[in-house]
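Asker: First, the structure itself, so that you have it in front of you.
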Amino acid sequence: MSSRAGETFDPTRAATEVLALADAPVPEAGPTTGEGDPATGEWTATTGAGFRIVPLWEGEGLTGLYDTAWSDATDTGVQHLAVLTKTLETHWGPHHVIQLHGPLLRWQMDQPVEPLFAALFSQDLYGDLHVWGPLPSGRWLATTVGHSDGDAPLVMAALVTTQPITQPEGP
């Protein structure tokens with residue numbers, strides 16, 4: 001669960017948070033560390049060498065949803081990401097998509113993956129990345145939406161990194 005559980009998706013708030021994230025401090029070095037809300041322990045951010053990942057929205061759990069109800073619920077997350085992507089394109093121009101199936105397969109096979117991808121996967125963020133970069137600051141920014149299994153809620157997140165985000169190789 002993320003700190004966004006129970007919140008209604010607000011594209012203006014999400015875009016404002018992503019724009020702020022583009023300039024947020026990120027550690028130059030050090031281990032990857034997950035941060036949680038002090039009261040609930042729910043995920044609030046993950047930082048690692050040169051990157052920061054934050055949740056933007058979390059949908060309802062999909063337990064008990066089948067067929068069209070399940071599809072409608074997952075489509076909602078995809079639609080929210082599309083709205084956010086269009087808004088961010090007004091700031092940074094067109095995005096490109098980075099598919100994560102290659103590093104995900106490597107990660108599932110206990111093969112090494114870049115720390116950024118390992119951090120995404122540890123938060124069950126398996127969806128493709130919508131990437132902008134390099135930004136005028138030289139940083140790269142991405143958004144994604146995904147979930148760990150058929151019943152888990154979808155989570156939308158954004159990340160900023162000081163390193164280029166390029167299409168990774170598979171196993």
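Residues in the structure tokens are numbered from 1 in each chain, the chains being A, B, ... in the order shown, and ligands are numbered from 1 in the order shown.
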For range 39-51 of chain A, please output as a count of residues only all residues within 6 Å (counting only C-alpha atoms; exclusion window: fewer than 2 positions along the same chain).

Answerer: 20

Asker: Excluding range 135-137 of chain A and any residue of its chain fewer than 6 positions from it, enumerate the residues within 10 Å of it, using only C-alpha atoms, and give them as an MDAnalysis selection string.

Answerer: chainID A and resid 22:23 91:93 162

Asker: Extract, using only C-alpha atoms, all DNA, RNA and protein residues at most 9 Å from Ile165 in chain A, discarding same-chain residues fewer than 5 positions from it, and format them as a list in words.

Answerer: Ile98, Val131, Trp132, Gly133, Pro134, Trp140, Leu141 and Ala142 of chain A

Asker: Print the selection's residues with N, CA and C atoms to a file, as a compact mmCIF listing (two decimals), in the first residue's frame.

Answerer:
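As written to disk, part_28.txt reads:
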```txt
# COMPACT_ATOMS: atom_id res chain seq x y z
N ILE A 98 9.40 3.35 -22.39
CA ILE A 98 10.43 2.36 -22.09
C ILE A 98 9.71 1.13 -21.52
N VAL A 131 8.49 8.40 -20.49
CA VAL A 131 9.74 9.08 -20.16
C VAL A 131 9.89 10.39 -20.91
N TRP A 132 10.39 11.40 -20.19
CA TRP A 132 10.81 12.68 -20.79
C TRP A 132 12.26 12.89 -20.40
N GLY A 133 13.04 13.33 -21.34
CA GLY A 133 14.42 13.65 -21.00
C GLY A 133 15.34 13.57 -22.18
N PRO A 134 16.45 14.23 -22.03
CA PRO A 134 16.79 14.99 -20.84
C PRO A 134 15.99 16.29 -20.78
N TRP A 140 16.10 13.24 -16.06
CA TRP A 140 15.10 12.45 -16.78
C TRP A 140 13.94 12.22 -15.82
N LEU A 141 12.74 12.20 -16.36
CA LEU A 141 11.55 12.01 -15.55
C LEU A 141 10.67 10.95 -16.20
N ALA A 142 9.98 10.16 -15.39
CA ALA A 142 9.09 9.13 -15.92
C ALA A 142 7.89 8.94 -15.01
```

Asker: With distances taken over only C-alpha atoms, which residue among A:Ala158, A:Glu169, A:Arg139, A:Ala82 lies nearest Glu17 in chain A?

Answerer: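 Residue with the minimum atom-to-atom distance to Glu17 in chain A: A:Ala158.
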
Asker: Which is closest to Thr76 in chain A among A:Asp151, A:Val97, A:Gly59, A:Leu105, if we use only C-alpha atoms?

Answerer: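 Of A:Asp151, A:Val97, A:Gly59, A:Leu105, the one nearest Thr76 in chain A is A:Gly59, counting only C-alpha atoms.
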
Asker: Could you give me, as a ChimeraX atom specification, the residues within 8 Å of Pro11 in chain A, counting only C-alpha atoms and dropping anything in the same chain fewer than 2 positions from it?

Answerer: /A:9,13-15,80,83-84

Asker: Just to be explicit: take each residue in the selection above, keep N, CA, C and O atoms, and write the result as a tab-separated table (two decimals), in the first residue's frame.

Answerer:
```
chain	number	residue	atom	x	y	z
A	9	PHE	N	-8.11	10.48	-7.62
A	9	PHE	CA	-7.11	10.98	-8.56
A	9	PHE	C	-7.44	12.41	-8.95
A	9	PHE	O	-8.55	12.72	-9.37
A	13	ARG	N	-3.23	18.06	-9.23
A	13	ARG	CA	-2.32	17.80	-8.11
A	13	ARG	C	-1.17	16.89	-8.55
A	13	ARG	O	-0.01	17.15	-8.25
A	14	ALA	N	-1.50	15.84	-9.29
A	14	ALA	CA	-0.47	14.90	-9.74
A	14	ALA	C	0.55	15.61	-10.62
A	14	ALA	O	1.76	15.43	-10.46
A	15	ALA	N	0.09	16.43	-11.55
A	15	ALA	CA	1.01	17.16	-12.44
A	15	ALA	C	1.88	18.12	-11.64
A	15	ALA	O	3.09	18.23	-11.89
A	80	HIS	N	-6.01	7.43	-16.18
A	80	HIS	CA	-5.41	8.46	-15.34
A	80	HIS	C	-3.99	8.78	-15.81
A	80	HIS	O	-3.59	9.95	-15.87
A	83	VAL	N	-4.12	10.92	-18.97
A	83	VAL	CA	-4.43	12.32	-18.68
A	83	VAL	C	-3.19	13.04	-18.15
A	83	VAL	O	-2.85	14.15	-18.59
A	84	LEU	N	-2.50	12.41	-17.22
A	84	LEU	CA	-1.29	13.02	-16.67
A	84	LEU	C	-0.22	13.19	-17.74
A	84	LEU	O	0.45	14.22	-17.81
```

Asker: Counting only C-alpha atoms, which residue out of A:Gln79, A:Gln163, A:Glu89, A:Pro103 sits closest to Gly138 in chain A?

Answerer: A:Gln163

Asker: Can you list every residue in range 1-152 of chain A that DSSP puts in helix (DSSP H, G or I), as a ChimeraX atom specification?

Answerer: /A:11-21,67-92,101-108,115-122

Asker: Any chance you could export the current selection's C-alpha atoms as a PDB file, in the first residue's frame?

Answerer:
```
ATOM      1  CA  PRO A  11      -4.668  15.303 -12.403  1.00  0.00           C
ATOM      2  CA  THR A  12      -3.798  18.888 -11.443  1.00  0.00           C
ATOM      3  CA  ARG A  13      -2.316  17.799  -8.114  1.00  0.00           C
ATOM      4  CA  ALA A  14      -0.475  14.904  -9.740  1.00  0.00           C
ATOM      5  CA  ALA A  15       1.008  17.160 -12.437  1.00  0.00           C
ATOM      6  CA  THR A  16       2.056  19.735  -9.831  1.00  0.00           C
ATOM      7  CA  GLU A  17       3.787  17.021  -7.811  1.00  0.00           C
ATOM      8  CA  VAL A  18       5.581  15.667 -10.884  1.00  0.00           C
ATOM      9  CA  LEU A  19       6.751  19.152 -11.857  1.00  0.00           C
ATOM     10  CA  ALA A  20       8.108  19.642  -8.329  1.00  0.00           C
ATOM     11  CA  LEU A  21       9.728  16.203  -8.427  1.00  0.00           C
ATOM     12  CA  ASP A  67     -14.515  -9.762 -16.280  1.00  0.00           C
ATOM     13  CA  THR A  68     -15.633  -6.273 -17.305  1.00  0.00           C
ATOM     14  CA  ALA A  69     -15.553  -4.884 -13.731  1.00  0.00           C
ATOM     15  CA  TRP A  70     -11.878  -5.899 -13.411  1.00  0.00           C
ATOM     16  CA  SER A  71     -11.082  -4.528 -16.880  1.00  0.00           C
ATOM     17  CA  ASP A  72     -12.892  -1.268 -16.131  1.00  0.00           C
ATOM     18  CA  ALA A  73     -10.940  -0.831 -12.894  1.00  0.00           C
ATOM     19  CA  THR A  74      -7.572  -1.439 -14.554  1.00  0.00           C
ATOM     20  CA  ASP A  75      -8.541   0.801 -17.477  1.00  0.00           C
ATOM     21  CA  THR A  76      -9.144   3.592 -14.967  1.00  0.00           C
ATOM     22  CA  GLY A  77      -5.467   3.568 -13.979  1.00  0.00           C
ATOM     23  CA  VAL A  78      -4.388   3.581 -17.611  1.00  0.00           C
ATOM     24  CA  GLN A  79      -6.747   6.489 -18.317  1.00  0.00           C
ATOM     25  CA  HIS A  80      -5.415   8.459 -15.340  1.00  0.00           C
ATOM     26  CA  LEU A  81      -1.871   7.971 -16.632  1.00  0.00           C
ATOM     27  CA  ALA A  82      -2.935   9.115 -20.117  1.00  0.00           C
ATOM     28  CA  VAL A  83      -4.432  12.325 -18.679  1.00  0.00           C
ATOM     29  CA  LEU A  84      -1.289  13.018 -16.666  1.00  0.00           C
ATOM     30  CA  THR A  85       0.922  12.260 -19.670  1.00  0.00           C
ATOM     31  CA  LYS A  86      -0.944  14.778 -21.837  1.00  0.00           C
ATOM     32  CA  THR A  87      -0.567  17.430 -19.150  1.00  0.00           C
ATOM     33  CA  LEU A  88       3.160  16.777 -18.774  1.00  0.00           C
ATOM     34  CA  GLU A  89       3.616  16.910 -22.556  1.00  0.00           C
ATOM     35  CA  THR A  90       2.501  20.562 -22.428  1.00  0.00           C
ATOM     36  CA  HIS A  91       5.593  21.210 -20.269  1.00  0.00           C
ATOM     37  CA  TRP A  92       8.217  18.904 -21.792  1.00  0.00           C
ATOM     38  CA  HIS A 101       9.562  -6.603 -19.508  1.00  0.00           C
ATOM     39  CA  GLY A 102      13.294  -7.281 -20.096  1.00  0.00           C
ATOM     40  CA  PRO A 103      14.592  -6.162 -16.704  1.00  0.00           C
ATOM     41  CA  LEU A 104      11.500  -7.633 -15.030  1.00  0.00           C
ATOM     42  CA  LEU A 105      12.332 -11.065 -16.451  1.00  0.00           C
ATOM     43  CA  ARG A 106      15.955 -10.666 -15.317  1.00  0.00           C
ATOM     44  CA  TRP A 107      14.791  -9.589 -11.842  1.00  0.00           C
ATOM     45  CA  GLN A 108      12.424 -12.574 -11.588  1.00  0.00           C
ATOM     46  CA  PRO A 115      18.979  -0.141  -8.985  1.00  0.00           C
ATOM     47  CA  LEU A 116      16.262   2.119 -10.430  1.00  0.00           C
ATOM     48  CA  PHE A 117      14.427  -0.850 -11.949  1.00  0.00           C
ATOM     49  CA  ALA A 118      14.898  -2.946  -8.796  1.00  0.00           C
ATOM     50  CA  ALA A 119      13.378  -0.078  -6.779  1.00  0.00           C
ATOM     51  CA  LEU A 120      10.375   0.079  -9.123  1.00  0.00           C
ATOM     52  CA  PHE A 121       9.850  -3.673  -8.962  1.00  0.00           C
ATOM     53  CA  SER A 122      10.131  -3.726  -5.170  1.00  0.00           C
TER      54      SER A 122
END
```

Asker: Would you return as a ChimeraX atom specification the members of chain A that DSSP assigns to strand (DSSP E) on this structure's backbone?

Answerer: /A:33-36,43-48,51-58,96-98,129-132,140-146,155-161

Asker: Just how far from CA of Glu60 in chain A is CA of Thr143 in chain A, in Å to one decimal?

Answerer: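 These two atoms are separated by 19.3 Å.
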
Asker: What is the CA of Pro94 in chain A to CA of Pro55 in chain A distance in Å?

Answerer: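 Interatomic distance here is 22.2 Å.
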
Asker: For Asp128 in chain A, which residue among A:Ala5, A:Leu56, A:Pro25, A:Leu100 is the nearest when counting only C-alpha atoms?

Answerer: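 Comparing A:Ala5, A:Leu56, A:Pro25, A:Leu100 against Asp128 in chain A, the winner is A:Leu100.
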